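Undergrad: Sharing upload-v7.txt here; it has compact mmCIF, C-alpha atoms and all ligand atoms.
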# COMPACT_ATOMS: atom_id res chain seq x y z
CA MET Y 656 102.86 104.21 95.92
CA ASN Y 657 99.46 102.75 96.70
CA PRO Y 658 98.65 99.08 95.93
CA GLU Y 659 96.98 99.93 92.63
CA GLU Y 660 100.02 101.88 91.46
CA ILE Y 661 102.29 99.04 92.49
CA ARG Y 662 100.16 96.56 90.53
CA THR Y 663 100.30 98.79 87.46
CA ARG Y 664 104.05 99.18 87.78
CA VAL Y 665 104.71 95.45 88.19
CA PHE Y 666 102.31 94.56 85.33
CA GLY Y 667 104.11 97.11 83.16
CA GLU Y 668 107.46 95.50 83.85
CA HIS Y 669 106.03 92.06 83.12
CA GLU Y 670 104.86 93.34 79.75
CA LYS Y 671 108.32 94.70 79.01
CA ILE Y 672 109.86 91.35 79.94
CA ARG Y 673 107.33 89.54 77.70
CA GLY Y 674 108.43 91.78 74.84
CA ILE Y 675 112.05 90.68 75.30
CA ILE Y 676 110.96 87.04 75.50
CA ASP Y 677 109.14 87.48 72.17
CA GLU Y 678 112.35 88.87 70.71
CA ILE Y 679 114.26 85.84 71.98
CA ASP Y 680 111.61 83.53 70.46
CA ASP Y 681 112.16 85.21 67.10
CA LEU Y 682 115.93 84.86 67.38
CA ASN Y 683 115.57 81.21 68.34
CA LYS Y 684 113.39 80.63 65.28
CA ARG Y 685 115.96 82.32 63.07
CA PHE Y 686 118.66 80.19 64.66
CA GLY Y 687 116.54 77.15 63.81
CA ARG Y 688 116.60 78.29 60.17
CA ASP Y 689 120.41 78.29 60.31
CA GLU Y 690 120.76 82.04 60.51
CA ASP Y 691 123.87 83.31 62.24
CA VAL Y 692 122.28 84.97 65.25
CA GLY Y 693 124.55 83.61 68.00
CA ALA Y 694 125.88 87.03 69.04
CA GLU Y 695 122.41 88.58 69.01
CA ILE Y 696 120.92 85.76 71.10
CA ARG Y 697 123.66 86.22 73.70
CA GLU Y 698 123.21 89.97 73.76
CA VAL Y 699 119.43 89.87 74.15
CA GLY Y 700 119.82 87.05 76.68
CA VAL Y 701 122.16 89.10 78.87
CA GLY Y 702 119.69 91.99 78.57
CA LEU Y 703 116.85 89.75 79.72
CA TYR Y 704 118.80 88.56 82.75
CA GLU Y 705 119.72 92.11 83.70
CA ILE Y 706 116.16 93.39 83.37
CA PHE Y 707 114.83 90.45 85.33
CA ALA Y 708 117.36 91.05 88.12
CA ALA Y 709 116.23 94.70 88.33
CA HIS Y 710 112.62 93.50 88.32
CA LEU Y 711 113.30 91.25 91.32
CA ALA Y 712 114.81 94.21 93.18
CA LEU Y 713 111.75 96.33 92.40
CA GLU Y 714 109.36 93.66 93.62
CA ASP Y 715 111.40 93.15 96.77
CA SER Y 716 111.34 96.84 97.60
CA LEU Y 717 107.75 97.68 96.55
CA LEU Y 718 105.65 94.56 96.39
CA ALA Y 719 106.84 92.64 99.45
CA PRO Y 720 106.24 95.51 101.94
CA ALA Y 721 102.84 96.24 100.35
CA LEU Y 722 101.83 92.59 100.67
CA GLU Y 723 102.84 92.50 104.29
CA LYS Y 724 100.43 95.29 105.12
CA ILE Y 725 97.47 94.19 103.06
CA SER Y 726 95.88 91.44 105.14
CA ASP Y 727 96.50 88.63 107.61
CA ARG Y 728 97.88 86.35 104.96
CA GLY Y 729 100.10 89.16 103.64
CA PRO Y 730 103.25 88.24 105.60
CA ALA Y 731 103.10 84.64 104.35
CA LEU Y 732 102.67 85.84 100.75
CA ALA Y 733 105.55 88.29 101.15
CA GLU Y 734 107.75 85.58 102.60
CA ARG Y 735 106.99 83.23 99.72
CA LEU Y 736 107.72 86.01 97.24
CA MET Y 737 111.12 86.70 98.79
CA ARG Y 738 111.96 82.99 98.90
CA GLU Y 739 111.08 82.55 95.23
CA HIS Y 740 113.13 85.60 94.38
CA SER Y 741 116.22 84.29 96.10
CA GLU Y 742 115.89 81.03 94.13
CA GLN Y 743 115.48 83.06 90.96
CA ARG Y 744 118.61 85.08 91.75
CA ALA Y 745 120.58 81.86 92.11
CA MET Y 746 119.17 80.74 88.75
CA LEU Y 747 120.15 84.03 87.14
CA THR Y 748 123.72 83.87 88.41
CA TYR Y 749 124.06 80.33 87.09
CA LEU Y 750 122.52 81.07 83.71
CA LEU Y 751 124.42 84.27 83.16
CA ARG Y 752 127.69 82.48 83.79
CA ARG Y 753 126.73 79.80 81.25
CA LEU Y 754 125.68 82.42 78.73
CA GLU Y 755 128.97 84.26 78.95
CA GLU Y 756 131.12 81.12 78.88
CA GLN Y 757 133.57 81.35 76.02
CA GLY Y 758 133.11 78.86 73.22
CA ARG Y 759 129.76 77.55 74.41
CA PRO Y 760 127.77 76.37 71.37
CA THR Y 761 124.87 78.60 70.39
CA ALA Y 762 122.54 75.58 70.30
CA LEU Y 763 123.03 75.11 74.06
CA VAL Y 764 122.71 78.82 74.80
CA SER Y 765 119.53 78.92 72.75
CA ASN Y 766 118.04 75.89 74.53
CA GLU Y 767 118.76 77.22 77.97
CA LEU Y 768 117.38 80.61 77.15
CA ARG Y 769 114.27 79.03 75.70
CA SER Y 770 113.56 77.06 78.85
CA PHE Y 771 114.29 80.06 81.06
CA CYS Y 772 111.83 82.11 78.97
CA GLU Y 773 109.17 79.41 79.39
CA TYR Y 774 109.78 79.41 83.12
CA LEU Y 775 109.54 83.22 83.25
CA ARG Y 776 106.26 83.27 81.34
CA ARG Y 777 104.73 80.83 83.82
CA ASP Y 778 106.20 82.68 86.80
CA MET Y 779 104.81 86.06 85.71
CA LYS Y 780 101.40 84.60 84.96
CA HIS Y 781 101.34 82.88 88.33
CA GLU Y 782 102.38 86.08 90.09
CA GLU Y 783 99.67 88.02 88.29
CA ASP Y 784 96.97 85.44 89.06
CA THR Y 785 97.88 85.11 92.72
CA ILE Y 786 99.78 87.95 94.34
CA LEU Y 787 98.88 90.82 92.02
CA ASP Y 788 95.28 89.91 91.44
CA LEU Y 789 94.30 88.58 94.84
CA GLY Y 790 97.05 89.30 97.33
CA LEU Y 791 97.21 92.98 96.60
CA ARG Y 792 93.48 93.53 96.80
CA PRO Y 793 92.39 93.96 100.41
CA ASP Y 794 88.81 92.91 99.72
CA ALA Y 795 89.64 89.90 97.56
FE FE Y 801 108.57 88.04 91.28
FE FE Y 802 107.30 89.72 88.61
Would you mind giving the structure from this file in structure tokens?
Ligand SMILES: [Fe+2]
Ligand SMILES: [Fe+2]

TA:
Amino acid sequence: MNPEEIRTRVFGEHEKIRGIIDEIDDLNKRFGRDEDVGAEIREVGVGLYEIFAAHLALEDSLLAPALEKISDRGPALAERLMREHSEQRAMLTYLLRRLEEQGRPTALVSNELRSFCEYLRRDMKHEEDTILDLGLRPDA
């Protein structure tokens, strides 16, 4: 894949992840209106974590090597990307365990998911503004 194809692929996955986050927002709103959506929130939450884990693997295998080759500052960008990803994997493991914990109140699950979604939105935007927009363009 060339850099442009990699950008398109990563952007596409970000859009898919944003779609799931929107779904979680809706569920959280319904939960706020006292609707019984606990099981659905957990299910969509687990789905989000799984898709994000796969996304990290894709970026590690496609994006990091592409960054390394792109320019002098490529290796530093790639290293930062991998470091952030390993932190994010630790976060995912922790959150997934909390999500699947038996008897955990939905209010807590919903709060944690909400803040993880906020974090993800910022992370994807940041990645798009820095690495994808600048780092992956040789002439930028
Ligand atoms: Fe990433
Ligand atoms: Fe990403």

Undergrad: Under the rule that all atoms listed in the file are counted, which of Y:Asp778, Y:Glu723, Y:Glu773, Y:Glu698 is the nearest residue to ligand FE 801 (chain Y)?

TA: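 Going through Y:Asp778, Y:Glu723, Y:Glu773, Y:Glu698 one by one, the smallest distance to ligand FE 801 (chain Y) is for Y:Asp778.
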
Undergrad: Per residue of chain Y within 10 Å of ligand FE 801 (chain Y), which atom pair is closest and at what distance in Å (one decimal), using all atoms listed in the file, listed by chain and increasing number, as JSON lines?

TA:
{"residue": "Y:Val665", "atom": "CA", "partner": "Y:FE801", "partner_atom": "FE", "distance": 8.9}
{"residue": "Y:His669", "atom": "CA", "partner": "Y:FE801", "partner_atom": "FE", "distance": 9.4}
{"residue": "Y:Phe707", "atom": "CA", "partner": "Y:FE801", "partner_atom": "FE", "distance": 9.0}
{"residue": "Y:Ala708", "atom": "CA", "partner": "Y:FE801", "partner_atom": "FE", "distance": 9.8}
{"residue": "Y:His710", "atom": "CA", "partner": "Y:FE801", "partner_atom": "FE", "distance": 7.4}
{"residue": "Y:Leu711", "atom": "CA", "partner": "Y:FE801", "partner_atom": "FE", "distance": 5.7}
{"residue": "Y:Ala712", "atom": "CA", "partner": "Y:FE801", "partner_atom": "FE", "distance": 9.0}
{"residue": "Y:Leu713", "atom": "CA", "partner": "Y:FE801", "partner_atom": "FE", "distance": 8.9}
{"residue": "Y:Glu714", "atom": "CA", "partner": "Y:FE801", "partner_atom": "FE", "distance": 6.1}
{"residue": "Y:Asp715", "atom": "CA", "partner": "Y:FE801", "partner_atom": "FE", "distance": 8.0}
{"residue": "Y:Leu718", "atom": "CA", "partner": "Y:FE801", "partner_atom": "FE", "distance": 8.8}
{"residue": "Y:Ala719", "atom": "CA", "partner": "Y:FE801", "partner_atom": "FE", "distance": 9.5}
{"residue": "Y:Arg735", "atom": "CA", "partner": "Y:FE801", "partner_atom": "FE", "distance": 9.8}
{"residue": "Y:Leu736", "atom": "CA", "partner": "Y:FE801", "partner_atom": "FE", "distance": 6.4}
{"residue": "Y:Met737", "atom": "CA", "partner": "Y:FE801", "partner_atom": "FE", "distance": 8.0}
{"residue": "Y:Arg738", "atom": "CA", "partner": "Y:FE801", "partner_atom": "FE", "distance": 9.7}
{"residue": "Y:Glu739", "atom": "CA", "partner": "Y:FE801", "partner_atom": "FE", "distance": 7.2}
{"residue": "Y:His740", "atom": "CA", "partner": "Y:FE801", "partner_atom": "FE", "distance": 6.0}
{"residue": "Y:Ser741", "atom": "CA", "partner": "Y:FE801", "partner_atom": "FE", "distance": 9.8}
{"residue": "Y:Gln743", "atom": "CA", "partner": "Y:FE801", "partner_atom": "FE", "distance": 8.5}
{"residue": "Y:Leu775", "atom": "CA", "partner": "Y:FE801", "partner_atom": "FE", "distance": 9.4}
{"residue": "Y:Asp778", "atom": "CA", "partner": "Y:FE801", "partner_atom": "FE", "distance": 7.4}
{"residue": "Y:Met779", "atom": "CA", "partner": "Y:FE801", "partner_atom": "FE", "distance": 7.0}
{"residue": "Y:His781", "atom": "CA", "partner": "Y:FE801", "partner_atom": "FE", "distance": 9.4}
{"residue": "Y:Glu782", "atom": "CA", "partner": "Y:FE801", "partner_atom": "FE", "distance": 6.6}
{"residue": "Y:Glu783", "atom": "CA", "partner": "Y:FE801", "partner_atom": "FE", "distance": 9.4}
{"residue": "Y:Ile786", "atom": "CA", "partner": "Y:FE801", "partner_atom": "FE", "distance": 9.3}

Undergrad: Mind pulling up the distance from CA of Cys772 (chain Y) to CA of Glu668 (chain Y)?

TA: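 Computing it gives 14.9 Å between the two atoms.
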
Undergrad: Tell me, in Å to one decimal, how far CA of Asp681 (chain Y) is from CA of Glu705 (chain Y).

TA: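 Atom-to-atom, CA of Asp681 (chain Y) and CA of Glu705 (chain Y) are spaced 19.5 Å apart.
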
Undergrad: Can you pull out the residues contacting Val701 (chain Y)? Cut-off 10 Å, using only C-alpha atoms, and skip same-chain residues under 5 positions away; I want them as JSON, numbers by chain.

TA: {"Y": [695, 696, 706, 707, 747, 750, 751, 752, 754, 755, 768]}

Undergrad: Write a file of the just-selected residues containing C-alpha atoms, as a PDB file, keeping the file's coordinate frame.

TA:
ATOM      1  CA  GLU Y 695     122.410  88.580  69.010  1.00  0.00           C
ATOM      2  CA  ILE Y 696     120.920  85.760  71.100  1.00  0.00           C
ATOM      3  CA  ILE Y 706     116.160  93.390  83.370  1.00  0.00           C
ATOM      4  CA  PHE Y 707     114.830  90.450  85.330  1.00  0.00           C
ATOM      5  CA  LEU Y 747     120.150  84.030  87.140  1.00  0.00           C
ATOM      6  CA  LEU Y 750     122.520  81.070  83.710  1.00  0.00           C
ATOM      7  CA  LEU Y 751     124.420  84.270  83.160  1.00  0.00           C
ATOM      8  CA  ARG Y 752     127.690  82.480  83.790  1.00  0.00           C
ATOM      9  CA  LEU Y 754     125.680  82.420  78.730  1.00  0.00           C
ATOM     10  CA  GLU Y 755     128.970  84.260  78.950  1.00  0.00           C
ATOM     11  CA  LEU Y 768     117.380  80.610  77.150  1.00  0.00           C
TER      12      LEU Y 768
END

Undergrad: Could you please determine the separation between CA of Asp677 (chain Y) and CA of Glu767 (chain Y) in Å, to one decimal place?

TA: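 Between CA of Asp677 (chain Y) and CA of Glu767 (chain Y) the gap works out to 15.2 Å.
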
Undergrad: When distances are computed from only C-alpha atoms, which of Y:Leu717, Y:Arg697, Y:Ser765, Y:Asp727 shows the smallest separation from Thr663 (chain Y)?

TA: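 Among Y:Leu717, Y:Arg697, Y:Ser765, Y:Asp727, it is Y:Leu717 that comes nearest to Thr663 (chain Y).
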
Undergrad: Restricting the calculation to only C-alpha atoms and all ligand atoms, which member of Y:Leu763, Y:Arg664, Y:Pro658, Y:Glu742 is positioned closest to ligand FE 802 (chain Y)?

TA: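 Of Y:Leu763, Y:Arg664, Y:Pro658, Y:Glu742, the one nearest ligand FE 802 (chain Y), counting only C-alpha atoms and all ligand atoms, is Y:Arg664.
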
Undergrad: Could you give me the centre and size, in Å to one decimal, of an axis-aligned box around all listed atoms of region 742-748 of chain Y with 3 Å added on every side, as AutoDock Vina command-line options?

TA:
--center_x 119.6 --center_y 82.9 --center_z 90.6 --size_x 14.2 --size_y 10.3 --size_z 13.0
